[in-house]
$ cat entry-v6.pdb   # PDB, C-alpha atoms (C1' of nucleotides)
ATOM      1  CA  MET A   1    -118.425  33.077-101.006
ATOM      2  CA  PRO A   2    -118.299  36.305 -99.033
ATOM      3  CA  ASP A   3    -119.660  36.530 -95.512
ATOM      4  CA  ASN A   4    -119.989  32.850 -94.913
ATOM      5  CA  PRO A   5    -121.884  32.584 -91.643
ATOM      6  CA  TYR A   6    -120.145  29.314 -90.857
ATOM      7  CA  PRO A   7    -116.422  30.011 -91.227
ATOM      8  CA  GLN A   8    -113.874  27.235 -91.257
ATOM      9  CA  PRO A   9    -110.075  27.417 -91.191
ATOM     10  CA  GLN A  10    -108.130  27.057 -94.383
ATOM     11  CA  THR A  11    -106.350  23.761 -94.773
ATOM     12  CA  ALA A  12    -102.957  25.180 -93.906
ATOM     13  CA  ASP A  13    -104.384  26.704 -90.732
ATOM     14  CA  ILE A  14    -105.752  23.482 -89.267
ATOM     15  CA  ARG A  15    -103.984  23.018 -85.925
ATOM     16  CA  LEU A  16    -103.318  19.639 -84.407
ATOM     17  CA  THR A  17    -104.158  20.931 -80.955
ATOM     18  CA  ASP A  18    -107.546  22.187 -82.102
ATOM     19  CA  VAL A  19    -108.293  18.923 -83.878
ATOM     20  CA  LEU A  20    -107.392  16.827 -80.856
ATOM     21  CA  ARG A  21    -109.378  19.026 -78.511
ATOM     22  CA  ALA A  22    -112.367  18.646 -80.821
ATOM     23  CA  LEU A  23    -111.917  14.892 -80.650
ATOM     24  CA  ALA A  24    -111.800  14.835 -76.865
ATOM     25  CA  ASP A  25    -115.542  14.269 -76.659
ATOM     26  CA  PRO A  26    -117.040  10.815 -77.292
ATOM     27  CA  GLY A  27    -120.036  12.237 -79.110
ATOM     28  CA  ARG A  28    -117.898  14.161 -81.526
ATOM     29  CA  VAL A  29    -115.718  11.143 -82.212
ATOM     30  CA  LYS A  30    -118.819   9.178 -83.064
ATOM     31  CA  MET A  31    -119.949  11.985 -85.327
ATOM     32  CA  VAL A  32    -116.634  11.839 -87.168
ATOM     33  CA  GLN A  33    -117.011   8.102 -87.536
ATOM     34  CA  VAL A  34    -120.499   8.501 -88.975
ATOM     35  CA  LEU A  35    -119.197  11.164 -91.338
ATOM     36  CA  SER A  36    -116.307   9.003 -92.451
ATOM     37  CA  ASP A  37    -118.371   7.653 -95.345
ATOM     38  CA  GLY A  38    -117.515  10.889 -97.094
ATOM     39  CA  ALA A  39    -121.107  11.941 -97.694
ATOM     40  CA  PHE A  40    -122.953  15.017 -96.519
ATOM     41  CA  HIS A  41    -125.219  14.256 -93.587
ATOM     42  CA  ARG A  42    -128.269  16.086 -92.335
ATOM     43  CA  CYS A  43    -127.761  18.011 -89.113
ATOM     44  CA  THR A  44    -130.311  16.084 -87.084
ATOM     45  CA  VAL A  45    -129.887  14.219 -83.853
ATOM     46  CA  ASP A  46    -131.191  10.988 -85.330
ATOM     47  CA  ASP A  47    -128.548  10.897 -88.035
ATOM     48  CA  PHE A  48    -125.800  10.457 -85.448
ATOM     49  CA  GLY A  49    -127.421   8.219 -82.867
ATOM     50  CA  LEU A  50    -126.566  10.441 -79.941
ATOM     51  CA  ASP A  51    -128.739  10.982 -76.892
ATOM     52  CA  ILE A  52    -128.402  14.765 -76.746
ATOM     53  CA  THR A  53    -130.549  17.756 -77.562
ATOM     54  CA  LYS A  54    -130.317  19.587 -80.850
ATOM     55  CA  SER A  55    -128.683  22.608 -79.245
ATOM     56  CA  THR A  56    -125.879  20.427 -77.903
ATOM     57  CA  LEU A  57    -125.525  18.783 -81.301
ATOM     58  CA  SER A  58    -125.258  22.180 -82.914
ATOM     59  CA  HIS A  59    -122.548  23.120 -80.452
ATOM     60  CA  HIS A  60    -120.606  19.999 -81.479
ATOM     61  CA  PHE A  61    -121.015  20.922 -85.142
ATOM     62  CA  LYS A  62    -119.504  24.281 -84.434
ATOM     63  CA  THR A  63    -116.587  22.766 -82.540
ATOM     64  CA  LEU A  64    -115.797  20.319 -85.335
ATOM     65  CA  ARG A  65    -116.109  22.979 -88.014
ATOM     66  CA  GLU A  66    -113.925  25.524 -86.247
ATOM     67  CA  ALA A  67    -111.283  22.860 -85.711
ATOM     68  CA  GLY A  68    -111.228  22.292 -89.453
ATOM     69  CA  LEU A  69    -112.695  18.806 -89.421
ATOM     70  CA  THR A  70    -115.969  19.496 -91.204
ATOM     71  CA  THR A  71    -117.572  21.720 -93.796
ATOM     72  CA  VAL A  72    -121.168  22.901 -94.117
ATOM     73  CA  LYS A  73    -123.532  22.995 -97.072
ATOM     74  CA  ILE A  74    -126.725  25.023 -96.868
ATOM     75  CA  ASP A  75    -129.777  24.170 -98.916
ATOM     76  CA  GLY A  76    -132.824  26.172 -98.043
ATOM     77  CA  ARG A  77    -133.485  25.441 -94.421
ATOM     78  CA  ASN A  78    -131.568  22.194 -94.570
ATOM     79  CA  HIS A  79    -127.965  22.174 -93.442
ATOM     80  CA  SER A  80    -125.618  19.307 -94.160
ATOM     81  CA  ILE A  81    -122.119  18.625 -92.975
ATOM     82  CA  ALA A  82    -119.296  16.475 -94.288
ATOM     83  CA  LEU A  83    -115.818  15.532 -93.204
ATOM     84  CA  ARG A  84    -112.933  17.465 -94.758
ATOM     85  CA  SER A  85    -111.126  14.190 -95.230
ATOM     86  CA  ASP A  86    -108.613  15.315 -97.821
ATOM     87  CA  ASP A  87    -107.763  18.520 -95.985
ATOM     88  CA  VAL A  88    -107.194  16.797 -92.669
ATOM     89  CA  GLU A  89    -105.293  13.995 -94.349
ATOM     90  CA  SER A  90    -102.946  16.445 -96.029
ATOM     91  CA  ARG A  91    -102.227  18.138 -92.725
ATOM     92  CA  PHE A  92    -101.991  15.093 -90.463
ATOM     93  CA  PRO A  93    -101.674  11.920 -92.491
ATOM     94  CA  GLY A  94    -103.295   8.844 -91.020
ATOM     95  CA  LEU A  95    -105.097  10.618 -88.212
ATOM     96  CA  LEU A  96    -108.637  10.224 -89.516
ATOM     97  CA  ALA A  97    -107.946   6.667 -90.607
ATOM     98  CA  SER A  98    -106.909   5.734 -87.087
ATOM     99  CA  LEU A  99    -110.190   7.089 -85.738
ATOM    100  CA  THR A 100    -112.350   5.240 -88.210
ATOM    101  CA  SER A 101    -110.676   1.852 -88.067
ATOM    102  CA  ALA A 102    -112.773  -1.125 -87.041
ATOM    103  CA  GLU A 103    -111.093  -1.097 -83.633
ATOM    104  CA  ALA A 104    -111.867   2.563 -83.024
ATOM    105  CA  ILE A 105    -115.485   2.249 -84.115
ATOM    106  CA  ASP A 106    -115.998  -0.837 -81.968
ATOM    107  CA  ASP A 107    -114.473   0.898 -78.983
ATOM    108  CA  VAL A 108    -116.634   3.994 -79.245
ATOM    109  CA  ALA A 109    -119.737   1.891 -79.815
ATOM    110  CA  ALA A 110    -118.959  -0.178 -76.721
ATOM    111  CA  THR A 111    -118.083   2.757 -74.504
ATOM    112  CA  GLY A 112    -120.860   5.037 -75.633
TER     113      GLY A 112
ATOM    114  CA  MET B   1     -95.807  -6.784 -59.233
ATOM    115  CA  PRO B   2     -98.459  -6.426 -56.525
ATOM    116  CA  ASP B   3     -99.599  -3.040 -55.290
ATOM    117  CA  ASN B   4     -98.120  -1.026 -58.091
ATOM    118  CA  PRO B   5     -98.468   2.581 -56.939
ATOM    119  CA  TYR B   6     -98.736   3.728 -60.538
ATOM    120  CA  PRO B   7    -101.448   1.599 -62.129
ATOM    121  CA  GLN B   8    -102.039   1.566 -65.854
ATOM    122  CA  PRO B   9    -104.835  -0.053 -67.840
ATOM    123  CA  GLN B  10    -104.276  -3.359 -69.537
ATOM    124  CA  THR B  11    -103.905  -3.170 -73.270
ATOM    125  CA  ALA B  12    -107.417  -4.421 -73.952
ATOM    126  CA  ASP B  13    -108.826  -1.814 -71.587
ATOM    127  CA  ILE B  14    -107.317   1.194 -73.325
ATOM    128  CA  ARG B  15    -110.253   3.367 -74.393
ATOM    129  CA  LEU B  16    -110.141   5.639 -77.405
ATOM    130  CA  THR B  17    -112.037   8.335 -75.544
ATOM    131  CA  ASP B  18    -109.521   8.339 -72.711
ATOM    132  CA  VAL B  19    -106.614   8.439 -75.132
ATOM    133  CA  LEU B  20    -108.064  11.340 -77.080
ATOM    134  CA  ARG B  21    -108.908  13.260 -73.940
ATOM    135  CA  ALA B  22    -105.339  12.784 -72.773
ATOM    136  CA  LEU B  23    -104.151  14.176 -76.095
ATOM    137  CA  ALA B  24    -106.358  17.256 -75.869
ATOM    138  CA  ASP B  25    -103.570  19.221 -74.193
ATOM    139  CA  PRO B  26    -100.691  20.669 -76.240
ATOM    140  CA  GLY B  27     -98.154  19.898 -73.533
ATOM    141  CA  ARG B  28     -99.111  16.256 -73.397
ATOM    142  CA  VAL B  29     -99.001  15.944 -77.171
ATOM    143  CA  LYS B  30     -95.485  17.302 -77.107
ATOM    144  CA  MET B  31     -94.602  14.839 -74.360
ATOM    145  CA  VAL B  32     -95.855  11.991 -76.524
ATOM    146  CA  GLN B  33     -93.782  13.277 -79.413
ATOM    147  CA  VAL B  34     -90.674  13.421 -77.249
ATOM    148  CA  LEU B  35     -91.390   9.907 -76.006
ATOM    149  CA  SER B  36     -91.892   8.605 -79.520
ATOM    150  CA  ASP B  37     -88.215   7.633 -79.723
ATOM    151  CA  GLY B  38     -89.215   4.579 -77.716
ATOM    152  CA  ALA B  39     -86.777   5.224 -74.869
ATOM    153  CA  PHE B  40     -87.466   5.772 -71.212
ATOM    154  CA  HIS B  41     -87.202   9.433 -70.276
ATOM    155  CA  ARG B  42     -86.529  11.029 -66.914
ATOM    156  CA  CYS B  43     -89.524  12.709 -65.301
ATOM    157  CA  THR B  44     -88.049  16.184 -65.248
ATOM    158  CA  VAL B  45     -89.354  19.378 -66.723
ATOM    159  CA  ASP B  46     -86.215  19.965 -68.765
ATOM    160  CA  ASP B  47     -86.543  16.671 -70.604
ATOM    161  CA  PHE B  48     -89.738  17.804 -72.301
ATOM    162  CA  GLY B  49     -89.089  21.469 -72.999
ATOM    163  CA  LEU B  50     -92.301  22.667 -71.400
ATOM    164  CA  ASP B  51     -92.709  25.864 -69.439
ATOM    165  CA  ILE B  52     -94.646  24.390 -66.527
ATOM    166  CA  THR B  53     -93.937  23.499 -62.925
ATOM    167  CA  LYS B  54     -93.051  19.985 -61.867
ATOM    168  CA  SER B  55     -96.400  19.465 -60.176
ATOM    169  CA  THR B  56     -98.200  20.207 -63.418
ATOM    170  CA  LEU B  57     -95.832  17.901 -65.254
ATOM    171  CA  SER B  58     -96.568  15.163 -62.763
ATOM    172  CA  HIS B  59    -100.268  15.685 -63.336
ATOM    173  CA  HIS B  60     -99.712  15.206 -67.064
ATOM    174  CA  PHE B  61     -97.738  12.013 -66.400
ATOM    175  CA  LYS B  62    -100.662  10.672 -64.447
ATOM    176  CA  THR B  63    -103.137  11.573 -67.161
ATOM    177  CA  LEU B  64    -101.070   9.900 -69.871
ATOM    178  CA  ARG B  65    -100.481   6.805 -67.764
ATOM    179  CA  GLU B  66    -104.111   6.357 -66.759
ATOM    180  CA  ALA B  67    -105.150   6.701 -70.391
ATOM    181  CA  GLY B  68    -102.826   3.812 -71.211
ATOM    182  CA  LEU B  69    -100.338   5.809 -73.246
ATOM    183  CA  THR B  70     -97.306   5.466 -70.998
ATOM    184  CA  THR B  71     -95.653   3.145 -68.527
ATOM    185  CA  VAL B  72     -93.444   3.951 -65.558
ATOM    186  CA  LYS B  73     -90.152   2.472 -64.424
ATOM    187  CA  ILE B  74     -88.892   3.212 -60.917
ATOM    188  CA  ASP B  75     -85.208   3.127 -60.084
ATOM    189  CA  GLY B  76     -84.410   4.359 -56.612
ATOM    190  CA  ARG B  77     -85.649   7.899 -56.504
ATOM    191  CA  ASN B  78     -85.540   8.220 -60.254
ATOM    192  CA  HIS B  79     -88.729   7.639 -62.233
ATOM    193  CA  SER B  80     -88.746   7.169 -65.978
ATOM    194  CA  ILE B  81     -91.600   6.945 -68.409
ATOM    195  CA  ALA B  82     -91.933   5.499 -71.878
ATOM    196  CA  LEU B  83     -94.606   5.272 -74.518
ATOM    197  CA  ARG B  84     -96.583   2.042 -74.703
ATOM    198  CA  SER B  85     -96.195   2.153 -78.459
ATOM    199  CA  ASP B  86     -96.991  -1.482 -79.175
ATOM    200  CA  ASP B  87    -100.005  -1.565 -76.865
ATOM    201  CA  VAL B  88    -101.536   1.586 -78.296
ATOM    202  CA  GLU B  89    -100.738   0.477 -81.831
ATOM    203  CA  SER B  90    -102.492  -2.836 -81.307
ATOM    204  CA  ARG B  91    -105.593  -1.068 -80.019
ATOM    205  CA  PHE B  92    -105.740   1.854 -82.432
ATOM    206  CA  PRO B  93    -103.458   1.263 -85.409
ATOM    207  CA  GLY B  94    -101.829   4.327 -86.876
ATOM    208  CA  LEU B  95    -102.898   6.717 -84.154
ATOM    209  CA  LEU B  96     -99.487   7.301 -82.602
ATOM    210  CA  ALA B  97     -97.848   7.478 -86.007
ATOM    211  CA  SER B  98    -100.174  10.282 -87.034
ATOM    212  CA  LEU B  99     -99.180  12.251 -83.937
ATOM    213  CA  THR B 100     -95.481  11.857 -84.465
ATOM    214  CA  SER B 101     -95.291  12.565 -88.174
ATOM    215  CA  ALA B 102     -93.143  15.424 -89.337
ATOM    216  CA  GLU B 103     -96.278  17.505 -89.968
ATOM    217  CA  ALA B 104     -97.615  16.928 -86.471
ATOM    218  CA  ILE B 105     -94.306  17.690 -84.787
ATOM    219  CA  ASP B 106     -93.847  20.851 -86.830
ATOM    220  CA  ASP B 107     -97.353  21.994 -85.991
ATOM    221  CA  VAL B 108     -96.984  21.504 -82.260
ATOM    222  CA  ALA B 109     -93.566  23.150 -82.278
ATOM    223  CA  ALA B 110     -94.992  26.152 -84.137
ATOM    224  CA  THR B 111     -98.113  26.472 -82.035
ATOM    225  CA  GLY B 112     -96.459  25.860 -78.707
TER     226      GLY B 112
ATOM    227  C1'  DC C   1     -79.225  10.438 -38.149
ATOM    228  C1'  DC C   2     -79.322  14.375 -41.260
ATOM    229  C1'  DG C   3     -79.838  17.103 -45.122
ATOM    230  C1'  DA C   4     -80.500  16.974 -50.033
ATOM    231  C1'  DT C   5     -82.865  15.244 -54.050
ATOM    232  C1'  DA C   6     -86.733  13.217 -57.165
ATOM    233  C1'  DG C   7     -91.107  13.192 -57.926
ATOM    234  C1'  DT C   8     -95.994  12.798 -56.277
ATOM    235  C1'  DT C   9    -100.065  14.406 -53.842
ATOM    236  C1'  DT C  10    -103.046  17.853 -51.936
ATOM    237  C1'  DG C  11    -105.779  21.980 -51.892
ATOM    238  C1'  DA C  12    -107.161  25.985 -54.101
ATOM    239  C1'  DT C  13    -108.308  28.907 -58.052
ATOM    240  C1'  DG C  14    -109.810  30.490 -62.433
ATOM    241  C1'  DA C  15    -110.875  29.085 -67.080
ATOM    242  C1'  DA C  16    -112.955  26.016 -70.341
ATOM    243  C1'  DC C  17    -116.374  22.722 -71.397
ATOM    244  C1'  DG C  18    -120.882  19.904 -72.066
ATOM    245  C1'  DT C  19    -125.431  20.306 -71.417
ATOM    246  C1'  DC C  20    -130.047  22.074 -71.540
ATOM    247  C1'  DG C  21    -134.283  25.088 -72.370
ATOM    248  C1'  DA C  22    -135.823  29.004 -74.513
ATOM    249  C1'  DA C  23    -135.543  32.433 -77.858
ATOM    250  C1'  DC C  24    -134.264  33.500 -82.441
ATOM    251  C1'  DG C  25    -133.713  33.831 -87.801
ATOM    252  C1'  DA C  26    -134.459  31.877 -92.147
ATOM    253  C1'  DT C  27    -136.966  29.149 -95.239
ATOM    254  C1'  DA C  28    -140.995  26.515 -96.728
ATOM    255  C1'  DA C  29    -145.966  25.419 -97.105
ATOM    256  C1'  DG C  30    -150.820  26.547 -97.009
TER     257       DG C  30
ATOM    258  C1'  DC D   1    -149.976  36.598 -93.868
ATOM    259  C1'  DT D   2    -149.719  32.726 -90.943
ATOM    260  C1'  DT D   3    -147.946  28.765 -89.314
ATOM    261  C1'  DA D   4    -144.609  25.069 -89.182
ATOM    262  C1'  DT D   5    -139.896  23.375 -89.704
ATOM    263  C1'  DC D   6    -134.793  23.390 -89.452
ATOM    264  C1'  DG D   7    -131.041  24.516 -87.132
ATOM    265  C1'  DT D   8    -128.341  28.098 -84.647
ATOM    266  C1'  DT D   9    -127.548  31.209 -80.826
ATOM    267  C1'  DC D  10    -128.076  32.818 -76.106
ATOM    268  C1'  DG D  11    -127.943  32.493 -71.133
ATOM    269  C1'  DA D  12    -127.362  29.745 -67.330
ATOM    270  C1'  DC D  13    -125.672  25.865 -64.576
ATOM    271  C1'  DG D  14    -122.647  22.303 -62.865
ATOM    272  C1'  DT D  15    -118.559  19.716 -64.009
ATOM    273  C1'  DT D  16    -114.065  19.033 -65.502
ATOM    274  C1'  DC D  17    -109.540  20.674 -66.218
ATOM    275  C1'  DA D  18    -104.795  23.010 -66.176
ATOM    276  C1'  DT D  19    -102.135  25.325 -63.170
ATOM    277  C1'  DC D  20     -99.489  26.558 -59.128
ATOM    278  C1'  DA D  21     -97.488  26.547 -54.304
ATOM    279  C1'  DA D  22     -96.870  23.917 -50.443
ATOM    280  C1'  DA D  23     -96.664  19.686 -48.054
ATOM    281  C1'  DC D  24     -95.432  15.026 -48.377
ATOM    282  C1'  DT D  25     -92.926  10.327 -49.328
ATOM    283  C1'  DA D  26     -89.134   7.833 -50.465
ATOM    284  C1'  DT D  27     -84.410   7.399 -51.557
ATOM    285  C1'  DC D  28     -79.558   8.604 -51.590
ATOM    286  C1'  DG D  29     -75.123  10.525 -49.664
ATOM    287  C1'  DG D  30     -72.322  11.771 -45.805
TER     288       DG D  30
END
$ encode --input "entry-v6.pdb" --output "structure tokens"
Amino acid sequence: MPDNPYPQPQTADIRLTDVLRALADPGRVKMVQVLSDGAFHRCTVDDFGLDITKSTLSHHFKTLREAGLTTVKIDGRNHSIALRSDDVESRFPGLLASLTSAEAIDDVAATG
Amino acid sequence: MPDNPYPQPQTADIRLTDVLRALADPGRVKMVQVLSDGAFHRCTVDDFGLDITKSTLSHHFKTLREAGLTTVKIDGRNHSIALRSDDVESRFPGLLASLTSAEAIDDVAATG
DNA sequence: CCGATAGTTTGATGAACGTCGAACGATAAG
DNA sequence: CTTATCGTTCGACGTTCATCAAACTATCGG
């Protein structure tokens, strides 16, 4: 896949600092939790239940992708994103699981 | 202990967003890794191997404490801090472990 | 008292970040 | 072609943040 317009780091190049910085925003944490079902999700505001504009959402997509947390699939004019669960797990075991536990999801839901 | 000059949130009030924001700085992640031995550590720059001034270090202590990650012990003019491992674990199981795994420590050491 | 020590707080500065509206590029539908 | 849709990118704005030097507080030792 040459000239991918949405580059992402290789698994070995995923940096803990970048991942944690990407997770330092409540909206992005919620996005990760929504994505934790492993499926590809449409890149719309409604799919993530966040009260932000689509340009802000797109900015969050970029942040997550560049940190190595997500990957993008393009289908015509529809973009979808999914968690790179296996890649992140192989780099930092247990990290994603701790963010998608019942406690973590409850906390983010309660805090907004 | 009335009028504690260094307040920390109760265990139930530890918020995932605050914890993750506190971890969004490489220096603070390294501090957490150093503190992961469970012991109280002196609040000096040398104890954490960071190339920052003591005022910056103190700022990081405050950030970690207010997020609920650390607790402070005062002994004369000596302050010590320790990880609130059990409290954080009870709120967000596995989170601290994923930050102090061999992979995570190697990554932070390599990235600085 | 007095000077030294440990660490925090304050004030300032420059960089990074979240957010939005508007413009843009690519695809789809008529 | 023309228009609509999907999502990204751009430019701007205000906020937050990491950082430092200097001032400050509290304690210890003589």
$ residues_around --input "entry-v6.pdb" --residues "D:DC6" --least-positions-apart "2" --cutoff "9 Å" --atoms "all atoms listed in the file" --output "VMD selection string"
(chain A and resid 43 to 44 77 to 79) or (chain C and resid 26 to 27)
$ axis_aligned_box --input "entry-v6.pdb" --around "stretch 3-15 of chain C" --padding-each-side "5 Å" --output "JSON"
{"center_x": -95.4, "center_y": 21.6, "center_z": -56.1, "size_x": 41.0, "size_y": 27.7, "size_z": 32.0}
$ residues_around --input "entry-v6.pdb" --residues "D:DA4" --least-positions-apart "5" --cutoff "12 Å" --atoms "only C-alpha atoms (C1' of nucleotides)" --output "list in words"
DT27, DA28, DA29 and DG30 of chain C
$ resolve_selection --input "entry-v6.pdb" --expression "the PyMOL selection byres ((chain D) within 9 of (chain A))" --output "list of chain:residue names"
D:DT5, D:DC6, D:DG7, D:DT8, D:DT9
$ write_last_selection --input "entry-v6.pdb" --atoms "C-alpha atoms (C1' of nucleotides)" --output "PDB file, in the frame of the given file"
ATOM      1  C1'  DT D   5    -139.896  23.375 -89.704  1.00  0.00           C
ATOM      2  C1'  DC D   6    -134.793  23.390 -89.452  1.00  0.00           C
ATOM      3  C1'  DG D   7    -131.041  24.516 -87.132  1.00  0.00           C
ATOM      4  C1'  DT D   8    -128.341  28.098 -84.647  1.00  0.00           C
ATOM      5  C1'  DT D   9    -127.548  31.209 -80.826  1.00  0.00           C
TER       6       DT D   9
END
$ resolve_selection --input "entry-v6.pdb" --expression "the PyMOL selection byres ((chain C) within 12 of (chain A))" --output "NGL selection string"
:C and (16-22 or 25-28)
$ closest_atom_pairs --input "entry-v6.pdb" --of "chain B" --to "chain A" --cutoff "6 Å" --atoms "all atoms listed in the file" --output "CSV"
residue,atom,partner,partner_atom,distance
B:Thr17,CA,A:Pro26,CA,5.9
B:Leu20,CA,A:Ala24,CA,5.1
B:Arg21,CA,A:Ala24,CA,4.4
B:Ala24,CA,A:Arg21,CA,4.4
B:Pro26,CA,A:Thr17,CA,5.9
B:Pro93,CA,A:Ser98,CA,5.9
B:Gly94,CA,A:Ser98,CA,5.3
B:Leu95,CA,A:Ser98,CA,5.1
B:Ser98,CA,A:Leu95,CA,5.1
$ atom_distance --input "entry-v6.pdb" --atom1 "atom CA of A:Asp46" --atom2 "atom CA of A:Asn4"
26.4 Å
$ decode --input "entry-v6.pdb" --residues "chain C" --atoms "C-alpha atoms (C1' of nucleotides)" --output "PDB file, in the first residue's frame"
ATOM      1  C1'  DC C   1      19.373  33.451  67.125  1.00  0.00           C
ATOM      2  C1'  DC C   2      21.605  32.196  62.809  1.00  0.00           C
ATOM      3  C1'  DG C   3      22.726  29.992  58.747  1.00  0.00           C
ATOM      4  C1'  DA C   4      21.915  25.890  56.083  1.00  0.00           C
ATOM      5  C1'  DT C   5      18.816  22.559  54.078  1.00  0.00           C
ATOM      6  C1'  DA C   6      14.394  20.408  51.934  1.00  0.00           C
ATOM      7  C1'  DG C   7      10.920  21.198  49.285  1.00  0.00           C
ATOM      8  C1'  DT C   8       6.921  24.125  47.802  1.00  0.00           C
ATOM      9  C1'  DT C   9       4.836  28.186  45.741  1.00  0.00           C
ATOM     10  C1'  DT C  10       4.723  32.086  42.712  1.00  0.00           C
ATOM     11  C1'  DG C  11       5.146  34.527  38.426  1.00  0.00           C
ATOM     12  C1'  DA C  12       6.452  34.512  33.830  1.00  0.00           C
ATOM     13  C1'  DT C  13       7.196  32.510  29.259  1.00  0.00           C
ATOM     14  C1'  DG C  14       6.812  29.770  25.222  1.00  0.00           C
ATOM     15  C1'  DA C  15       4.905  25.573  23.364  1.00  0.00           C
ATOM     16  C1'  DA C  16       1.231  22.320  22.812  1.00  0.00           C
ATOM     17  C1'  DC C  17      -3.536  21.354  22.795  1.00  0.00           C
ATOM     18  C1'  DG C  18      -8.843  21.261  22.064  1.00  0.00           C
ATOM     19  C1'  DT C  19     -12.128  23.492  19.716  1.00  0.00           C
ATOM     20  C1'  DC C  20     -14.650  25.566  16.004  1.00  0.00           C
ATOM     21  C1'  DG C  21     -16.134  27.347  11.277  1.00  0.00           C
ATOM     22  C1'  DA C  22     -15.003  27.409   6.692  1.00  0.00           C
ATOM     23  C1'  DA C  23     -12.802  25.642   2.812  1.00  0.00           C
ATOM     24  C1'  DC C  24     -11.336  21.609   0.495  1.00  0.00           C
ATOM     25  C1'  DG C  25     -10.932  16.878  -2.073  1.00  0.00           C
ATOM     26  C1'  DA C  26     -12.917  12.638  -3.234  1.00  0.00           C
ATOM     27  C1'  DT C  27     -16.706   9.799  -4.165  1.00  0.00           C
ATOM     28  C1'  DA C  28     -21.560   8.899  -5.174  1.00  0.00           C
ATOM     29  C1'  DA C  29     -26.148   9.836  -7.203  1.00  0.00           C
ATOM     30  C1'  DG C  30     -29.246  11.949 -10.488  1.00  0.00           C
TER      31       DG C  30
END
